[in-house]
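S.K.: Have a peek at target.txt (compact mmCIF, C-alpha atoms and all ligand atoms).
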# COMPACT_ATOMS: atom_id res chain seq x y z
CA MET X 1 3.55 140.92 -92.46
CA ARG X 2 5.63 143.16 -94.67
CA ILE X 3 5.26 145.31 -97.75
CA ARG X 4 7.40 144.09 -100.62
CA LYS X 5 6.49 146.71 -103.13
CA LEU X 6 4.48 149.91 -103.37
CA VAL X 7 3.56 151.56 -106.68
CA LEU X 8 2.03 155.04 -106.92
CA ASN X 9 0.64 156.47 -110.11
CA GLY X 10 -0.88 159.95 -110.16
CA PHE X 11 -1.23 159.79 -106.37
CA ARG X 12 -0.88 163.25 -104.69
CA SER X 13 2.47 164.74 -105.79
CA TYR X 14 3.70 161.58 -107.52
CA ASP X 15 3.66 160.94 -111.24
CA ARG X 16 4.90 157.41 -111.01
CA VAL X 17 7.07 155.97 -108.30
CA GLU X 18 7.99 152.55 -106.93
CA LEU X 19 9.29 151.66 -103.51
CA GLU X 20 10.66 148.33 -102.32
CA PRO X 21 11.10 148.65 -98.57
CA SER X 22 13.29 146.23 -96.64
CA GLU X 23 12.11 143.98 -93.85
CA GLY X 24 13.08 146.11 -90.85
CA LEU X 25 13.44 149.85 -90.49
CA ASN X 26 13.06 152.07 -93.57
CA LEU X 27 13.83 155.77 -93.36
CA LEU X 28 12.28 158.16 -95.89
CA TYR X 29 14.00 161.50 -95.60
CA GLY X 30 13.56 164.71 -97.51
CA ALA X 31 12.71 168.40 -97.25
CA ASN X 32 9.32 169.69 -96.17
CA ALA X 33 6.69 169.09 -98.86
CA ALA X 34 8.94 166.53 -100.61
CA GLY X 35 6.16 163.92 -100.44
CA LYS X 36 7.10 161.76 -97.45
CA THR X 37 3.71 161.77 -95.76
CA ASN X 38 2.08 161.09 -99.13
CA VAL X 39 3.84 157.71 -99.20
CA LEU X 40 2.59 156.71 -95.74
CA GLU X 41 -0.87 157.95 -96.68
CA ALA X 42 -0.89 155.63 -99.69
CA VAL X 43 -0.04 152.65 -97.46
CA PHE X 44 -2.74 153.66 -94.98
CA LEU X 45 -5.21 153.90 -97.88
CA CYS X 46 -4.46 150.29 -98.82
CA ALA X 47 -4.98 149.18 -95.22
CA LEU X 48 -8.24 150.97 -94.43
CA GLY X 49 -9.59 152.16 -97.76
CA ARG X 50 -9.39 155.80 -96.75
CA SER X 51 -6.79 158.47 -96.06
CA HIS X 52 -5.69 159.29 -92.53
CA ARG X 53 -5.82 163.02 -93.24
CA THR X 54 -8.79 163.65 -95.49
CA SER X 55 -12.21 162.15 -96.08
CA ARG X 56 -12.30 163.51 -99.65
CA ASP X 57 -10.72 160.91 -101.90
CA ALA X 58 -10.53 163.37 -104.81
CA GLU X 59 -7.78 165.26 -102.97
CA LEU X 60 -5.56 162.19 -103.36
CA ILE X 61 -5.58 162.44 -107.14
CA GLY X 62 -2.67 164.43 -108.60
CA HIS X 63 -3.67 167.93 -109.68
CA GLY X 64 -5.07 167.99 -113.20
CA LEU X 65 -5.30 164.19 -113.50
CA ALA X 66 -8.41 162.07 -114.01
CA GLY X 67 -7.35 159.27 -111.69
CA ALA X 68 -4.83 157.82 -109.26
CA TYR X 69 -3.52 154.31 -108.66
CA VAL X 70 -1.93 152.71 -105.62
CA GLY X 71 -0.71 149.13 -105.80
CA LEU X 72 0.80 147.21 -102.93
CA GLU X 73 2.37 143.78 -102.74
CA LEU X 74 2.36 142.21 -99.31
CA GLU X 75 4.08 139.21 -97.80
CA THR X 76 2.06 137.55 -95.05
CA LYS X 77 2.03 134.31 -93.13
CA SER X 78 -0.57 133.01 -95.51
CA GLY X 79 1.34 133.97 -98.65
CA VAL X 80 1.66 136.93 -100.99
CA ARG X 81 -1.32 139.31 -101.08
CA ASN X 82 -2.08 142.14 -103.41
CA ILE X 83 -4.06 145.33 -102.84
CA GLU X 84 -4.88 147.90 -105.50
CA ILE X 85 -6.89 151.10 -105.22
CA LYS X 86 -8.02 153.10 -108.22
CA LEU X 87 -9.48 156.55 -107.74
CA ARG X 88 -11.33 158.43 -110.46
CA THR X 89 -12.70 161.90 -110.88
CA GLY X 90 -14.32 163.82 -113.73
CA ASP X 91 -16.90 162.53 -116.23
CA ALA X 92 -16.35 158.80 -115.77
CA ALA X 93 -16.76 159.09 -112.01
CA ALA X 94 -19.81 161.32 -112.38
CA ARG X 95 -21.51 158.76 -114.61
CA ASN X 96 -20.91 155.92 -112.20
CA PRO X 97 -20.18 156.97 -108.60
CA ARG X 98 -19.28 153.39 -107.75
CA ASP X 99 -16.22 153.78 -109.96
CA ARG X 100 -14.88 156.74 -107.98
CA LYS X 101 -13.01 154.33 -105.74
CA GLN X 102 -12.31 150.81 -106.91
CA ILE X 103 -10.66 148.38 -104.53
CA PHE X 104 -9.04 145.17 -105.71
CA ILE X 105 -7.86 142.46 -103.34
CA ASP X 106 -5.72 139.76 -104.94
CA ARG X 107 -6.90 141.09 -108.34
CA GLY X 108 -10.60 140.64 -107.50
CA ARG X 109 -12.87 143.67 -107.16
CA ALA X 110 -14.07 144.23 -103.59
CA ASP X 111 -17.62 145.42 -103.03
CA LYS X 112 -16.81 147.60 -100.08
CA ALA X 113 -13.85 148.98 -98.16
CA GLY X 114 -14.71 146.71 -95.23
CA GLU X 115 -13.28 143.75 -97.14
CA LEU X 116 -9.83 145.26 -96.68
CA ILE X 117 -9.96 144.69 -92.93
CA GLY X 118 -7.39 142.14 -91.92
CA VAL X 119 -5.51 142.08 -95.23
CA LEU X 120 -2.91 144.73 -94.40
CA ASN X 121 -2.70 145.74 -90.73
CA VAL X 122 -0.97 149.02 -90.01
CA VAL X 123 -0.25 151.09 -86.95
CA MET X 124 0.19 154.73 -87.89
CA PHE X 125 1.58 157.51 -85.75
CA SER X 126 1.32 160.96 -87.25
CA PRO X 127 1.92 164.43 -85.78
CA GLU X 128 -1.81 164.80 -85.09
CA ASP X 129 -1.62 161.88 -82.67
CA LEU X 130 0.20 164.14 -80.23
CA ALA X 131 -3.25 165.53 -79.51
CA LEU X 132 -4.15 162.22 -77.89
CA VAL X 133 -2.67 163.41 -74.61
CA LYS X 134 -3.50 167.12 -74.70
CA ALA X 135 -6.87 167.28 -76.39
CA SER X 136 -10.36 166.97 -74.93
CA PRO X 137 -11.70 163.60 -73.70
CA ASP X 138 -13.53 162.85 -76.95
CA VAL X 139 -10.16 162.34 -78.68
CA ARG X 140 -9.15 159.74 -76.11
CA ARG X 141 -12.57 158.07 -76.30
CA ARG X 142 -12.15 157.85 -80.07
CA PHE X 143 -8.71 156.30 -79.55
CA MET X 144 -10.16 153.60 -77.26
CA ASP X 145 -13.06 152.97 -79.63
CA MET X 146 -10.96 152.81 -82.78
CA GLU X 147 -8.52 150.40 -81.21
CA LEU X 148 -11.32 148.26 -79.84
CA CYS X 149 -13.03 148.12 -83.23
CA GLN X 150 -9.81 147.04 -84.91
CA LEU X 151 -9.02 144.40 -82.32
CA HIS X 152 -12.55 143.17 -81.63
CA PRO X 153 -14.87 143.94 -84.55
CA ALA X 154 -17.91 142.97 -82.42
CA TYR X 155 -17.32 146.08 -80.33
CA TYR X 156 -18.53 148.26 -83.17
CA ARG X 157 -22.06 146.94 -82.79
CA LYS X 158 -22.03 147.39 -79.02
CA ALA X 159 -21.01 151.03 -79.35
CA ALA X 160 -23.58 151.64 -82.08
CA MET X 161 -26.38 150.20 -79.92
CA TYR X 162 -25.37 152.37 -77.01
CA ASN X 163 -25.30 155.47 -79.19
CA ALA X 164 -28.73 154.69 -80.59
CA ALA X 165 -30.24 154.34 -77.10
CA LEU X 166 -28.51 157.53 -75.98
CA ARG X 167 -29.94 159.46 -78.94
CA GLN X 168 -33.44 158.29 -78.02
CA ARG X 169 -33.10 159.37 -74.40
CA ASN X 170 -31.70 162.74 -75.44
CA ALA X 171 -34.58 163.28 -77.84
CA LEU X 172 -37.06 162.44 -75.09
CA ILE X 173 -35.37 164.80 -72.64
CA LYS X 174 -35.43 167.67 -75.13
CA GLU X 175 -39.15 167.12 -75.54
CA ALA X 176 -39.60 167.78 -71.82
CA PHE X 177 -39.29 171.48 -72.55
CA VAL X 178 -42.64 171.25 -74.31
CA ASN X 179 -44.48 168.21 -72.87
CA PRO X 180 -44.12 166.40 -69.57
CA ILE X 181 -42.20 163.14 -69.96
CA ASP X 182 -43.83 159.76 -69.52
CA PRO X 183 -41.75 158.26 -66.68
CA ASP X 184 -42.21 154.73 -68.06
CA ILE X 185 -40.65 155.67 -71.39
CA LEU X 186 -37.76 157.43 -69.66
CA ASP X 187 -37.27 154.35 -67.51
CA MET X 188 -37.23 152.13 -70.60
CA TRP X 189 -34.45 154.19 -72.18
CA ASN X 190 -32.55 154.31 -68.90
CA ALA X 191 -32.62 150.53 -68.80
CA GLN X 192 -31.57 150.26 -72.43
CA ILE X 193 -28.69 152.70 -71.97
CA ALA X 194 -27.60 150.86 -68.82
CA LYS X 195 -27.57 147.51 -70.60
CA THR X 196 -25.69 148.62 -73.73
CA GLY X 197 -23.52 151.10 -71.83
CA ALA X 198 -22.36 148.37 -69.45
CA GLU X 199 -21.05 146.39 -72.43
CA VAL X 200 -19.16 149.42 -73.69
CA MET X 201 -17.66 150.12 -70.26
CA ARG X 202 -16.64 146.53 -69.65
CA SER X 203 -14.92 146.36 -73.06
CA ARG X 204 -13.12 149.64 -72.48
CA ARG X 205 -11.98 148.59 -69.01
CA MET X 206 -10.61 145.30 -70.31
CA PHE X 207 -8.88 147.03 -73.19
CA MET X 208 -7.31 149.69 -70.96
CA ASP X 209 -6.07 147.12 -68.46
CA GLU X 210 -4.30 145.29 -71.25
CA LEU X 211 -3.03 148.43 -72.95
CA SER X 212 -1.74 149.94 -69.73
CA THR X 213 0.76 147.21 -68.97
CA ILE X 214 2.16 147.17 -72.48
CA ALA X 215 2.30 150.98 -72.71
CA SER X 216 4.18 151.28 -69.38
CA ASP X 217 6.66 148.78 -70.61
CA ILE X 218 7.28 150.60 -73.88
CA HIS X 219 7.46 153.96 -72.12
CA ARG X 220 10.05 152.66 -69.69
CA ARG X 221 12.16 151.51 -72.64
CA LEU X 222 11.81 154.81 -74.52
CA THR X 223 12.88 156.84 -71.50
CA GLY X 224 15.67 154.56 -70.37
CA GLY X 225 13.71 153.74 -67.21
CA ARG X 226 13.40 157.40 -66.14
CA GLU X 227 9.63 157.66 -66.48
CA GLN X 228 6.81 155.46 -65.27
CA LEU X 229 3.67 155.75 -67.41
CA PHE X 230 0.22 154.94 -66.05
CA ALA X 231 -2.63 154.96 -68.51
CA PHE X 232 -5.97 154.05 -67.00
CA TYR X 233 -9.65 154.00 -67.75
CA GLN X 234 -11.71 156.80 -66.23
CA PRO X 235 -15.30 155.70 -66.55
CA ASN X 236 -17.88 158.46 -66.11
CA VAL X 237 -19.88 156.12 -63.90
CA ASP X 238 -17.85 154.31 -61.30
CA PHE X 239 -18.42 150.56 -61.21
CA ASP X 240 -15.41 149.30 -59.33
CA GLY X 241 -16.10 145.83 -58.06
CA GLY X 242 -19.79 146.23 -58.88
CA ASP X 243 -22.18 145.67 -61.71
CA ALA X 244 -21.78 148.25 -64.47
CA GLU X 245 -25.40 147.96 -65.59
CA TYR X 246 -26.82 148.80 -62.13
CA ALA X 247 -24.28 151.58 -61.70
CA ILE X 248 -25.32 153.29 -64.95
CA TYR X 249 -29.01 152.78 -64.26
CA ASP X 250 -28.70 154.36 -60.81
CA ALA X 251 -26.67 157.26 -62.20
CA LEU X 252 -29.29 157.93 -64.88
CA GLU X 253 -32.13 157.89 -62.35
CA ALA X 254 -30.25 160.18 -60.03
CA SER X 255 -29.39 162.66 -62.76
CA ALA X 256 -32.76 162.65 -64.55
CA GLU X 257 -33.92 165.99 -63.12
CA ASP X 258 -30.61 167.63 -63.86
CA ASP X 259 -30.54 166.13 -67.36
CA ILE X 260 -33.98 167.51 -68.15
CA ARG X 261 -32.91 170.95 -66.99
CA ARG X 262 -29.75 170.86 -69.08
CA GLY X 263 -31.32 169.19 -72.09
CA PHE X 264 -28.99 166.21 -72.48
CA THR X 265 -27.79 163.02 -70.79
CA THR X 266 -25.00 164.00 -68.44
CA ARG X 267 -23.94 160.56 -67.22
CA GLY X 268 -22.72 157.48 -69.08
CA PRO X 269 -19.79 156.13 -71.11
CA HIS X 270 -20.23 158.87 -73.74
CA ARG X 271 -18.42 161.03 -71.16
CA ASP X 272 -15.62 158.57 -70.31
CA ASP X 273 -11.98 159.53 -70.38
CA MET X 274 -8.54 158.00 -70.17
CA GLY X 275 -6.11 159.15 -67.49
CA ILE X 276 -2.43 159.44 -68.37
CA LYS X 277 0.13 159.94 -65.64
CA LEU X 278 3.90 159.92 -65.29
CA GLY X 279 4.46 158.73 -61.77
CA GLU X 280 2.04 160.93 -59.82
CA THR X 281 1.90 163.71 -62.37
CA ASP X 282 -0.91 164.28 -64.86
CA VAL X 283 0.80 164.44 -68.27
CA LYS X 284 -2.15 166.29 -69.83
CA VAL X 285 -1.58 169.25 -67.51
CA PHE X 286 2.08 169.18 -66.54
CA GLY X 287 3.88 167.14 -69.20
CA SER X 288 6.45 168.80 -71.46
CA GLN X 289 5.89 168.64 -75.21
CA GLY X 290 8.42 165.82 -75.51
CA GLN X 291 6.89 163.90 -72.58
CA GLN X 292 3.42 164.21 -74.08
CA ARG X 293 4.70 163.03 -77.41
CA THR X 294 6.51 160.07 -75.84
CA ALA X 295 3.40 159.11 -73.86
CA ALA X 296 1.21 159.29 -76.98
CA LEU X 297 3.78 157.23 -78.86
CA SER X 298 3.93 154.58 -76.12
CA LEU X 299 0.14 154.23 -76.13
CA LYS X 300 0.03 153.99 -79.90
CA LEU X 301 2.92 151.52 -80.12
CA SER X 302 1.11 149.23 -77.69
CA GLU X 303 -1.23 148.50 -80.53
CA ILE X 304 1.52 146.49 -82.23
CA ALA X 305 1.65 143.91 -79.44
CA LEU X 306 -2.15 143.81 -79.12
CA MET X 307 -2.58 143.29 -82.86
CA ARG X 308 0.04 140.60 -82.89
CA GLU X 309 -1.85 138.82 -80.11
CA VAL X 310 -5.14 138.94 -81.96
CA THR X 311 -3.98 138.29 -85.52
CA GLY X 312 -0.83 136.27 -84.87
CA GLU X 313 1.11 138.56 -87.14
CA SER X 314 3.05 141.83 -86.77
CA PRO X 315 1.46 144.88 -88.38
CA VAL X 316 3.40 147.37 -90.50
CA LEU X 317 4.41 150.40 -88.47
CA LEU X 318 4.11 153.86 -90.06
CA LEU X 319 5.86 156.61 -88.13
CA ASP X 320 5.41 160.07 -89.59
CA ASP X 321 7.69 162.72 -88.23
CA VAL X 322 8.00 161.19 -84.75
CA LEU X 323 11.63 162.06 -84.18
CA SER X 324 11.18 165.80 -83.93
CA GLU X 325 10.62 166.81 -80.30
CA LEU X 326 12.32 163.66 -79.01
CA ASP X 327 15.81 164.12 -77.59
CA ASP X 328 18.74 161.99 -78.81
CA ASP X 329 18.30 159.38 -76.07
CA ARG X 330 14.60 158.90 -76.81
CA GLN X 331 15.28 158.77 -80.54
CA SER X 332 17.91 156.05 -80.07
CA ALA X 333 15.68 154.10 -77.68
CA LEU X 334 12.82 154.22 -80.19
CA MET X 335 15.05 153.00 -82.99
CA GLU X 336 16.61 150.30 -80.88
CA SER X 337 13.31 149.02 -79.53
CA ALA X 338 12.81 145.68 -81.13
CA PHE X 339 9.24 146.10 -82.31
CA ASP X 340 9.80 143.14 -84.52
CA CYS X 341 8.00 144.57 -87.47
CA GLN X 342 8.54 146.40 -90.70
CA CYS X 343 8.59 150.13 -90.16
CA LEU X 344 8.40 153.11 -92.52
CA LEU X 345 9.69 156.21 -90.80
CA THR X 346 9.81 159.74 -92.20
CA ALA X 347 12.18 162.51 -91.15
CA THR X 348 13.63 165.67 -92.63
CA GLY X 349 17.21 164.45 -92.18
CA VAL X 350 19.14 161.23 -91.75
CA GLU X 351 19.00 161.13 -87.98
CA SER X 352 22.14 159.75 -86.37
CA ALA X 353 20.13 157.26 -84.34
CA VAL X 354 18.67 155.81 -87.50
CA ALA X 355 21.96 155.65 -89.33
CA LYS X 356 23.45 153.78 -86.38
CA LYS X 357 20.74 151.19 -86.40
CA GLY X 358 21.47 150.33 -90.01
CA ALA X 359 18.15 151.28 -91.53
CA THR X 360 17.44 151.16 -95.24
CA VAL X 361 17.53 154.80 -96.28
CA PHE X 362 15.56 156.45 -99.09
CA GLU X 363 15.78 160.03 -100.21
CA VAL X 364 12.51 161.66 -101.26
CA LYS X 365 13.17 164.48 -103.71
CA ASP X 366 11.65 166.01 -106.84
CA GLY X 367 8.87 163.47 -106.99
CA ARG X 368 11.25 160.54 -106.79
CA ILE X 369 12.25 158.06 -104.10
CA ILE X 370 15.86 156.96 -104.36
CA ARG X 371 17.54 154.33 -102.25
CA VAL X 372 20.83 155.68 -100.89
N1 LIG Q 401 -3.51 166.10 -105.11
C1 LIG Q 401 -2.27 166.57 -105.19
N2 LIG Q 401 -1.69 166.75 -106.41
C2 LIG Q 401 -0.44 167.24 -106.49
N3 LIG Q 401 0.32 167.56 -105.44
C3 LIG Q 401 -0.20 167.39 -104.23
C4 LIG Q 401 -1.51 166.87 -104.03
N4 LIG Q 401 -1.76 166.82 -102.72
C5 LIG Q 401 -0.65 167.27 -102.11
N5 LIG Q 401 0.29 167.60 -103.01
C6 LIG Q 401 1.65 168.12 -102.73
O1 LIG Q 401 2.37 167.20 -101.94
C7 LIG Q 401 3.27 167.93 -101.12
C8 LIG Q 401 3.13 167.54 -99.68
O2 LIG Q 401 3.57 166.26 -99.53
P1 LIG Q 401 3.78 165.64 -98.08
O3 LIG Q 401 2.71 166.08 -97.18
O4 LIG Q 401 3.98 164.19 -98.30
O5 LIG Q 401 5.13 166.35 -97.66
P2 LIG Q 401 6.16 165.89 -96.55
O6 LIG Q 401 7.41 165.44 -97.23
O7 LIG Q 401 5.54 164.97 -95.62
O8 LIG Q 401 6.46 167.29 -95.85
P3 LIG Q 401 6.67 167.67 -94.30
O9 LIG Q 401 8.09 167.38 -93.98
O10 LIG Q 401 6.39 169.14 -94.30
O11 LIG Q 401 5.69 166.90 -93.51
C9 LIG Q 401 2.93 169.39 -101.23
O12 LIG Q 401 3.91 170.03 -102.04
C10 LIG Q 401 1.60 169.38 -101.89
O13 LIG Q 401 1.41 170.52 -102.71
MG MG Q 402 4.86 165.17 -93.69
With the file now loaded, output its structure as structure tokens.
M.R.:
Amino acid sequence: MRIRKLVLNGFRSYDRVELEPSEGLNLLYGANAAGKTNVLEAVFLCALGRSHRTSRDAELIGHGLAGAYVGLELETKSGVRNIEIKLRTGDAAARNPRDRKQIFIDRGRADKAGELIGVLNVVMFSPEDLALVKASPDVRRRFMDMELCQLHPAYYRKAAMYNAALRQRNALIKEAFVNPIDPDILDMWNAQIAKTGAEVMRSRRMFMDELSTIASDIHRRLTGGREQLFAFYQPNVDFDGGDAEYAIYDALEASAEDDIRRGFTTRGPHRDDMGIKLGETDVKVFGSQGQQRTAALSLKLSEIALMREVTGESPVLLLDDVLSELDDDRQSALMESAFDCQCLLTATGVESAVAKKGATVFEVKDGRIIRV
């Protein structure tokens, strides 16, 4: 799919601006604070109904204005689609909170943001995604879960059921400080966690196996064959070649005493992680800034192929500020990689690699976007 036209009105720093990106690579360049990320944010908003950098929609409305508008025209396999988002603040919004964010799909008002799913698919890489490699395991768990939810919407329910069971067991364990626990009730929650947790672990393992091959491939391309990336699932409870449900159940039984002493459930997929290695080396610990960024990028870009498999269509790729920290070779390799999709890329200058590849170039300056 590809964006034919984007219109912003009162969105962030923009008064009114229109952008007609070309089919392949589009470079948006400009100084810091020129408004480059704002453009990608508007596209992301149309895809998911929320910003990638704030949960407060009011921040998206231009200072001093009562509302903002984002309109997007999309070309897909099934024809031309249209997405519009209207944001309101002030009296009108206060009177009717439902009007604070209005979403229109093909001119019809959508009841909830969920209806946007599948209309415009995007893969976004922003500077914060660098944290994927360096940060604590919860960031990598969120990555696995978000990807899984996008690719297999049924996963959302599985994860929610697991979390509900986990909350119940934790509540019971906390109670043990005051009253002795009924072993039958603990056993019931152990069984429930094992059953739902096994589903979560099986989904994550399948996802990581698929992701890993694609990510290694991309990483090899980006590094000109110099680096071999291994991304793998690190389940908190080992179930290699065995039944995940039994494995979790046994782990919970074995850790019950310890859990009660510590006041929470210490074993289970809520403590899973993803391992990321270059050859034999752990990138989290030993990788250079550029290596960590490349690894994060390879993992994220794998989503394009996975999405294409599931939806039969290429998503739109949004790359915010990825070129900094990559050397010339990696920049060229990234640009030359045939991702086979429309891409909006921001940078502070017209990078030589981009110019070579014959991208459509736009300058972002003084609240305007000019094709050069
Ligand atoms: N609600 C708003 N109303 C008006 N201006 C805003 C609003 N929100 C953000 N801005 C302005 O938008 C600008 C930031 O835009 P953006 O983040 O897109 O910059 P950028 O070009 O990506 O910069 P960098 O290269 O530093 O990443 C800032 O000048 C900021 O003050
Ligand atoms: Mg920016």
S.K.: Would you give the centre and edge lengths, in Å to one decimal, of a box along x, y and z around the listed atoms of ligand LIG 401 (chain Q), with 6 Å added to each side, as JSON?
M.R.:
{"center_x": 2.3, "center_y": 167.4, "center_z": -100.0, "size_x": 23.6, "size_y": 18.3, "size_z": 25.0}
S.K.: For region 237-291 of chain X against region 145-151 of chain X, with a cut-off of 12 Å and counting all atoms listed in the file, what is the closest atom pair and its distance in Å to one decimal for every residue that makes the cut, ordered by chain and number, as a Markdown table?
M.R.:
| residue | atom | partner | partner_atom | distance |
| --- | --- | --- | --- | --- |
| X:Pro269 | CA | X:Asp145 | CA | 11.3 |
| X:His270 | CA | X:Asp145 | CA | 11.0 |
| X:Asp272 | CA | X:Asp145 | CA | 11.2 |
| X:Asp273 | CA | X:Asp145 | CA | 11.4 |
| X:Met274 | CA | X:Asp145 | CA | 11.6 |
S.K.: Write out as a list in words each polymer residue (protein, DNA or RNA) that has an atom no more than 10 Å from ligand MG 402 (chain Q), with all atoms listed in the file counted.
M.R.: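 So, counting all atoms listed in the file, the residues near ligand MG 402 (chain Q) are Gly30, Ala31, Asn32, Ala33, Ala34, Gly35, Lys36, Thr37, Asn38, Val39, Leu40, Glu41, Ser126, Pro127, Asp320, Asp321, Thr346, Ala347 and Thr348 of chain X.
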S.K.: Taking C-alpha atoms for each residue, export the selection above as a PDB file, keeping the file's coordinate frame.
M.R.:
ATOM      1  CA  GLY X  30      13.560 164.710 -97.510  1.00  0.00           C
ATOM      2  CA  ALA X  31      12.710 168.400 -97.250  1.00  0.00           C
ATOM      3  CA  ASN X  32       9.320 169.690 -96.170  1.00  0.00           C
ATOM      4  CA  ALA X  33       6.690 169.090 -98.860  1.00  0.00           C
ATOM      5  CA  ALA X  34       8.940 166.530-100.610  1.00  0.00           C
ATOM      6  CA  GLY X  35       6.160 163.920-100.440  1.00  0.00           C
ATOM      7  CA  LYS X  36       7.100 161.760 -97.450  1.00  0.00           C
ATOM      8  CA  THR X  37       3.710 161.770 -95.760  1.00  0.00           C
ATOM      9  CA  ASN X  38       2.080 161.090 -99.130  1.00  0.00           C
ATOM     10  CA  VAL X  39       3.840 157.710 -99.200  1.00  0.00           C
ATOM     11  CA  LEU X  40       2.590 156.710 -95.740  1.00  0.00           C
ATOM     12  CA  GLU X  41      -0.870 157.950 -96.680  1.00  0.00           C
ATOM     13  CA  SER X 126       1.320 160.960 -87.250  1.00  0.00           C
ATOM     14  CA  PRO X 127       1.920 164.430 -85.780  1.00  0.00           C
ATOM     15  CA  ASP X 320       5.410 160.070 -89.590  1.00  0.00           C
ATOM     16  CA  ASP X 321       7.690 162.720 -88.230  1.00  0.00           C
ATOM     17  CA  THR X 346       9.810 159.740 -92.200  1.00  0.00           C
ATOM     18  CA  ALA X 347      12.180 162.510 -91.150  1.00  0.00           C
ATOM     19  CA  THR X 348      13.630 165.670 -92.630  1.00  0.00           C
TER      20      THR X 348
END
S.K.: Name all residues at most 9 Å from Gly279 (chain X) (count all atoms listed in the file; drop same-chain ones fewer than 3 positions away) and give them as a list in words.
M.R.: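 Neighbouring residues, sequence-local ones excluded: Glu227, Gln228, Leu229, Phe230 and Asp282 of chain X.
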S.K.: Expressed in Å to a single decimal, how great is the separation between CA of Phe264 (chain X) and CA of Tyr155 (chain X)?
M.R.: 24.6 Å
S.K.: Just region 64-68 of chain X, please, as a compact mmCIF listing (two decimals), in the first residue's frame (only all heavy atoms).
M.R.:
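The resulting decode.txt:
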# COMPACT_ATOMS: atom_id res chain seq x y z
N GLY X 64 -2.65 27.12 20.85
CA GLY X 64 -3.62 28.20 20.71
C GLY X 64 -4.78 27.88 19.79
O GLY X 64 -5.67 28.70 19.61
N LEU X 65 -4.81 26.66 19.21
CA LEU X 65 -5.91 26.32 18.30
C LEU X 65 -6.94 25.44 19.02
O LEU X 65 -6.63 24.79 20.02
CB LEU X 65 -5.39 25.57 17.07
CG LEU X 65 -4.35 26.31 16.22
CD1 LEU X 65 -3.87 25.43 15.08
CD2 LEU X 65 -4.94 27.61 15.68
N ALA X 66 -8.15 25.41 18.45
CA ALA X 66 -9.22 24.61 19.07
C ALA X 66 -9.25 23.19 18.54
O ALA X 66 -9.85 22.31 19.14
CB ALA X 66 -10.57 25.28 18.82
N GLY X 67 -8.58 22.95 17.39
CA GLY X 67 -8.63 21.61 16.84
C GLY X 67 -7.53 21.36 15.82
O GLY X 67 -6.83 22.27 15.38
N ALA X 68 -7.38 20.09 15.46
CA ALA X 68 -6.40 19.70 14.45
C ALA X 68 -7.05 18.70 13.50
O ALA X 68 -7.99 18.00 13.87
CB ALA X 68 -5.18 19.06 15.12
